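As provided, protein.tsv (TSV, C-alpha atoms) reads as follows.
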chain	number	residue	atom	x	y	z
A	1	MET	CA	16.40	-6.69	0.63
A	2	PRO	CA	14.42	-9.51	2.31
A	3	GLU	CA	12.95	-12.09	-0.01
A	4	VAL	CA	9.37	-11.60	-1.14
A	5	ASP	CA	7.30	-14.40	0.34
A	6	ILE	CA	3.71	-13.70	-0.70
A	7	PRO	CA	2.22	-14.34	-4.14
A	8	PHE	CA	0.23	-11.08	-4.24
A	9	VAL	CA	-0.53	-8.13	-1.98
A	10	ILE	CA	-3.98	-6.92	-0.96
A	11	LYS	CA	-3.38	-3.83	1.18
A	12	ILE	CA	-5.91	-1.83	3.15
A	13	CYS	CA	-4.36	1.56	3.82
A	14	GLY	CA	-5.19	4.29	6.29
A	15	ILE	CA	-5.77	2.02	9.28
A	16	THR	CA	-6.35	4.17	12.38
A	17	ASN	CA	-7.91	1.80	14.92
A	18	GLU	CA	-7.95	-1.83	16.06
A	19	GLU	CA	-11.50	-2.44	14.84
A	20	ASP	CA	-10.62	-1.59	11.25
A	21	ALA	CA	-7.41	-3.64	11.46
A	22	ARG	CA	-9.32	-6.69	12.70
A	23	ALA	CA	-11.97	-6.29	9.99
A	24	ALA	CA	-9.34	-6.07	7.24
A	25	VAL	CA	-7.45	-9.11	8.52
A	26	HIS	CA	-10.68	-11.08	8.91
A	27	ALA	CA	-11.62	-10.20	5.33
A	28	GLY	CA	-8.33	-11.66	4.09
A	29	ALA	CA	-6.13	-8.60	3.52
A	30	ASN	CA	-2.44	-9.42	3.86
A	31	ALA	CA	-1.11	-5.87	4.31
A	32	LEU	CA	-2.24	-2.94	6.45
A	33	GLY	CA	-1.07	0.62	5.94
A	34	PHE	CA	-0.37	3.12	8.74
A	35	ASN	CA	-0.18	6.70	7.51
A	36	PHE	CA	2.44	8.84	9.26
A	37	TYR	CA	1.83	11.93	7.11
A	38	PRO	CA	0.51	14.61	9.52
A	39	LYS	CA	-1.58	16.35	6.86
A	40	SER	CA	-3.55	13.20	6.04
A	41	PRO	CA	-7.02	12.68	7.56
A	42	ARG	CA	-5.80	9.12	8.17
A	43	TYR	CA	-2.73	10.20	10.13
A	44	ILE	CA	-1.73	8.01	13.05
A	45	ASP	CA	1.10	8.60	15.50
A	46	LEU	CA	3.83	6.06	16.22
A	47	ALA	CA	2.50	4.99	19.60
A	48	ARG	CA	-0.99	4.31	18.27
A	49	ALA	CA	0.38	2.48	15.24
A	50	ARG	CA	2.58	0.36	17.46
A	51	ALA	CA	-0.38	-0.71	19.61
A	52	ILE	CA	-2.30	-1.81	16.52
A	53	ALA	CA	0.63	-3.39	14.68
A	54	GLU	CA	1.55	-5.49	17.70
A	55	CYS	CA	-1.85	-7.19	17.40
A	56	VAL	CA	-1.52	-7.88	13.66
A	57	PRO	CA	-0.84	-11.54	12.76
A	58	ALA	CA	2.67	-12.28	11.51
A	59	ARG	CA	1.31	-13.29	8.11
A	60	VAL	CA	0.00	-9.73	7.56
A	61	LEU	CA	2.45	-7.00	6.54
A	62	SER	CA	2.48	-3.79	8.57
A	63	VAL	CA	3.32	-0.98	6.15
A	64	GLY	CA	4.40	2.47	7.30
A	65	VAL	CA	3.40	5.25	4.89
A	66	PHE	CA	5.74	8.25	4.83
A	67	VAL	CA	5.87	11.51	2.85
A	68	ASN	CA	9.17	13.33	2.27
A	69	ALA	CA	10.66	11.54	5.27
A	70	ASN	CA	14.39	11.65	5.89
A	71	GLU	CA	16.53	8.71	6.90
A	72	GLU	CA	16.38	9.55	10.60
A	73	GLU	CA	12.58	9.61	10.56
A	74	LEU	CA	12.36	6.29	8.72
A	75	ILE	CA	14.78	4.58	11.09
A	76	GLU	CA	13.04	6.02	14.16
A	77	ALA	CA	9.64	4.78	12.98
A	78	SER	CA	11.05	1.35	12.18
A	79	SER	CA	12.46	1.10	15.69
A	80	GLU	CA	9.26	2.34	17.36
A	81	VAL	CA	6.73	0.32	15.35
A	82	PRO	CA	7.08	-3.31	14.18
A	83	LEU	CA	6.92	-2.36	10.50
A	84	ASP	CA	7.55	-4.88	7.75
A	85	VAL	CA	7.62	-2.35	4.90
A	86	LEU	CA	8.42	1.34	4.43
A	87	GLN	CA	6.17	2.93	1.79
A	88	VAL	CA	7.74	6.24	0.76
A	89	HIS	CA	6.06	9.10	-1.09
A	90	GLY	CA	7.63	12.28	-2.38
A	91	GLU	CA	11.35	12.75	-1.83
A	92	PHE	CA	13.29	9.60	-0.90
A	93	THR	CA	16.76	10.62	0.22
A	94	ALA	CA	17.88	7.28	1.67
A	95	PRO	CA	17.63	4.74	-1.17
A	96	HIS	CA	20.40	2.65	0.42
A	97	LEU	CA	17.86	1.56	3.05
A	98	ALA	CA	16.31	-0.66	0.39
A	99	SER	CA	19.31	-2.97	0.63
A	100	SER	CA	18.32	-3.97	4.17
A	101	LEU	CA	14.65	-3.02	4.54
A	102	ARG	CA	11.58	-3.71	2.45
A	103	VAL	CA	10.76	-0.46	0.65
A	104	TRP	CA	7.83	0.36	-1.61
A	105	ARG	CA	8.31	3.58	-3.58
A	106	ALA	CA	5.13	5.47	-4.47
A	107	ILE	CA	5.18	7.26	-7.82
A	108	GLN	CA	2.69	8.81	-10.20
A	109	ALA	CA	1.75	6.29	-12.85
A	110	SER	CA	1.69	9.00	-15.50
A	111	ALA	CA	5.15	10.36	-14.65
A	112	PRO	CA	7.56	7.67	-13.44
A	113	PRO	CA	11.08	8.87	-12.55
A	114	ALA	CA	13.84	8.48	-15.09
A	115	PHE	CA	15.76	6.17	-12.77
A	116	LEU	CA	14.07	3.15	-11.18
A	117	ASP	CA	16.08	1.54	-8.40
A	118	PRO	CA	15.92	-2.26	-8.78
A	119	GLN	CA	16.60	-2.64	-5.03
A	120	ILE	CA	13.13	-1.26	-4.30
A	121	GLU	CA	10.89	-4.24	-3.57
A	122	ALA	CA	7.90	-2.73	-5.39
A	123	HIS	CA	6.70	0.54	-6.86
A	124	LEU	CA	3.26	1.74	-5.87
A	125	LEU	CA	1.63	3.38	-8.87
A	126	ASP	CA	-0.92	6.01	-7.88
A	127	SER	CA	-3.06	8.75	-9.40
A	128	PRO	CA	-1.62	12.27	-9.59
A	129	THR	CA	-2.65	14.15	-6.44
A	130	ALA	CA	-1.26	16.95	-4.30
A	131	GLN	CA	-2.23	14.98	-1.18
A	132	TYR	CA	0.15	12.07	-1.83
A	133	GLY	CA	-2.64	9.52	-2.26
A	134	GLY	CA	-6.10	9.13	-0.79
A	135	SER	CA	-7.74	11.04	-3.64
A	136	GLY	CA	-10.22	8.28	-4.51
A	137	THR	CA	-9.52	8.79	-8.22
A	138	THR	CA	-8.29	6.19	-10.68
A	139	PHE	CA	-5.77	6.41	-13.51
A	140	ASP	CA	-5.28	4.63	-16.82
A	141	TRP	CA	-4.33	1.11	-15.75
A	142	MET	CA	-2.63	0.49	-19.09
A	143	LEU	CA	0.10	2.81	-17.82
A	144	ALA	CA	0.70	0.29	-15.05
A	145	ALA	CA	0.68	-2.59	-17.51
A	146	ALA	CA	3.68	-1.03	-19.25
A	147	PHE	CA	5.64	-0.46	-16.03
A	148	PRO	CA	8.72	-2.72	-16.14
A	149	LEU	CA	9.24	-3.55	-12.45
A	150	ARG	CA	7.18	-5.16	-9.67
A	151	LYS	CA	4.20	-2.92	-9.02
A	152	ILE	CA	1.27	-2.28	-6.73
A	153	VAL	CA	-1.72	-0.40	-8.12
A	154	ALA	CA	-3.45	2.23	-5.98
A	155	GLY	CA	-5.85	5.10	-6.61
A	156	GLY	CA	-9.63	4.90	-6.47
A	157	LEU	CA	-9.90	1.14	-6.11
A	158	ASP	CA	-12.95	-0.60	-4.67
A	159	ALA	CA	-14.87	-3.84	-5.13
A	160	GLY	CA	-16.44	-2.60	-8.34
A	161	ASN	CA	-13.23	-1.93	-10.27
A	162	VAL	CA	-10.37	-3.89	-8.67
A	163	ALA	CA	-10.83	-6.97	-10.86
A	164	GLU	CA	-10.55	-4.85	-14.01
A	165	ALA	CA	-7.48	-3.08	-12.61
A	166	ILE	CA	-5.82	-6.43	-11.97
A	167	ARG	CA	-6.80	-7.77	-15.40
A	168	LEU	CA	-5.34	-4.78	-17.23
A	169	ALA	CA	-2.35	-3.83	-15.08
A	170	ARG	CA	-1.22	-7.35	-14.01
A	171	PRO	CA	0.22	-6.03	-10.73
A	172	TRP	CA	1.83	-7.79	-7.80
A	173	GLY	CA	-0.58	-6.00	-5.48
A	174	VAL	CA	-3.47	-3.60	-5.02
A	175	ASP	CA	-3.96	-0.88	-2.41
A	176	ALA	CA	-7.23	0.77	-1.36
A	177	SER	CA	-8.26	3.29	1.26
A	178	SER	CA	-10.70	6.15	0.74
A	179	ARG	CA	-13.33	4.26	-1.26
A	180	LEU	CA	-13.58	1.69	1.51
A	181	GLU	CA	-14.48	4.27	4.17
A	182	SER	CA	-17.70	5.40	5.81
A	183	GLN	CA	-15.83	8.62	6.71
A	184	PRO	CA	-12.17	9.69	6.47
A	185	GLY	CA	-10.13	7.42	8.71
A	186	LYS	CA	-12.97	4.95	9.38
A	187	LYS	CA	-13.34	1.85	7.22
A	188	ASP	CA	-16.67	0.27	6.25
A	189	PRO	CA	-16.25	-3.46	7.04
A	190	ALA	CA	-18.62	-4.52	4.26
A	191	ARG	CA	-16.76	-2.48	1.63
A	192	VAL	CA	-13.44	-3.87	2.86
A	193	ALA	CA	-14.70	-7.45	2.70
A	194	GLN	CA	-16.16	-6.98	-0.78
A	195	PHE	CA	-12.94	-5.39	-2.04
A	196	VAL	CA	-10.73	-8.16	-0.67
A	197	GLN	CA	-12.99	-10.89	-2.05
A	198	ALA	CA	-13.03	-9.31	-5.52
A	199	ALA	CA	-9.24	-8.87	-5.49
A	200	VAL	CA	-8.55	-12.43	-4.36
A	201	MET	CA	-10.79	-13.85	-7.07
A	202	ALA	CA	-9.09	-11.72	-9.72
A	203	PHE	CA	-5.57	-12.59	-8.59
A	204	ARG	CA	-6.41	-16.29	-8.66
A	205	GLN	CA	-7.23	-16.14	-12.33
A	206	PRO	CA	-4.36	-17.62	-14.36
A	207	GLN	CA	-1.71	-15.42	-15.96
A	208	ARG	CA	-2.75	-12.36	-13.98
A	209	VAL	CA	0.31	-11.32	-12.01
A	210	SER	CA	3.30	-9.68	-13.68
A	211	ARG	CA	6.46	-10.38	-11.61

Represent the structure contained in this file as structure tokens.
Amino acid sequence: MPEVDIPFVIKICGITNEEDARAAVHAGANALGFNFYPKSPRYIDLARARAIAECVPARVLSVGVFVNANEEELIEASSEVPLDVLQVHGEFTAPHLASSLRVWRAIQASAPPAFLDPQIEAHLLDSPTAQYGGSGTTFDWMLAAAFPLRKIVAGGLDAGNVAEAIRLARPWGVDASSRLESQPGKKDPARVAQFVQAAVMAFRQPQRVSR
């Protein structure tokens, strides 16, 4: 697994167009999520994601979001799009990929699996939802505080609550999508900027990040 080289992650997920990507990068986000789950209102195909990701600065992580994807699908996407991270939801049948690729495993914060693979770079803790994220609902951040491995907190985050989530959960990163939108798949630049600013300020407080 490649070495982690950023102190904390601020990810804007569900990027579907260049305008939203530019706004997120300008605001200071250091990770952008491209959702390859066809049932998501934020779905993007590989060709469109590639066109956007190729314009993303090297300092910003391009994260592919997958649901119940098999090894062939993950490898194909990684070869088609310049992805830095694979974020996997649902079934993950190719854990050995984490030895050579950066993998973030999404799990429900209230029901973590019995076995946690230490080769996974980070676990994304999300609210329970049948849609595999994007619900806009939060969970008890104290559940994240007790999680023993590197973690990213998702689920209903925005500028109004991200500082409290960071204070309580002490994560390595935060991930937001639906609450930063003017409509599904379209980000509101002001909400994105406010979220990133609030997250940066919270992460810069001493003793906040649990590694």

Query raised in the report: Please, what distance in Å, to one decimal, runs between atom CA of Ile15 of chain A and atom CA of Pro184 of chain A?
Result: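 Calculated distance between atom CA of Ile15 of chain A and atom CA of Pro184 of chain A is 10.4 Å.
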
Query - Shell of 7 Å around Gly14 of chain A, all atoms listed in the file, local chain residues under 5 positions omitted, as a VMD selection string - result: chain A and resid 33 to 35 42 177 185

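Proximity ranking of A:Pro38, A:Pro118, A:Gly155, A:Gly160 relative to Pro95 of chain A places A:Pro118 first, based on all atoms listed in the file.
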
Query raised in the report: So how many Å separate atom CA of His89 of chain A and atom CA of Leu74 of chain A, to one decimal?
Result: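 So the answer is 12.0 Å.
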
Report task. Could you jot down the atom CA of Val196 of chain A to atom CA of Ala27 of chain A separation for me, Å, one decimal place? Result ->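 Separation between atom CA of Val196 of chain A and atom CA of Ala27 of chain A: 6.4 Å.
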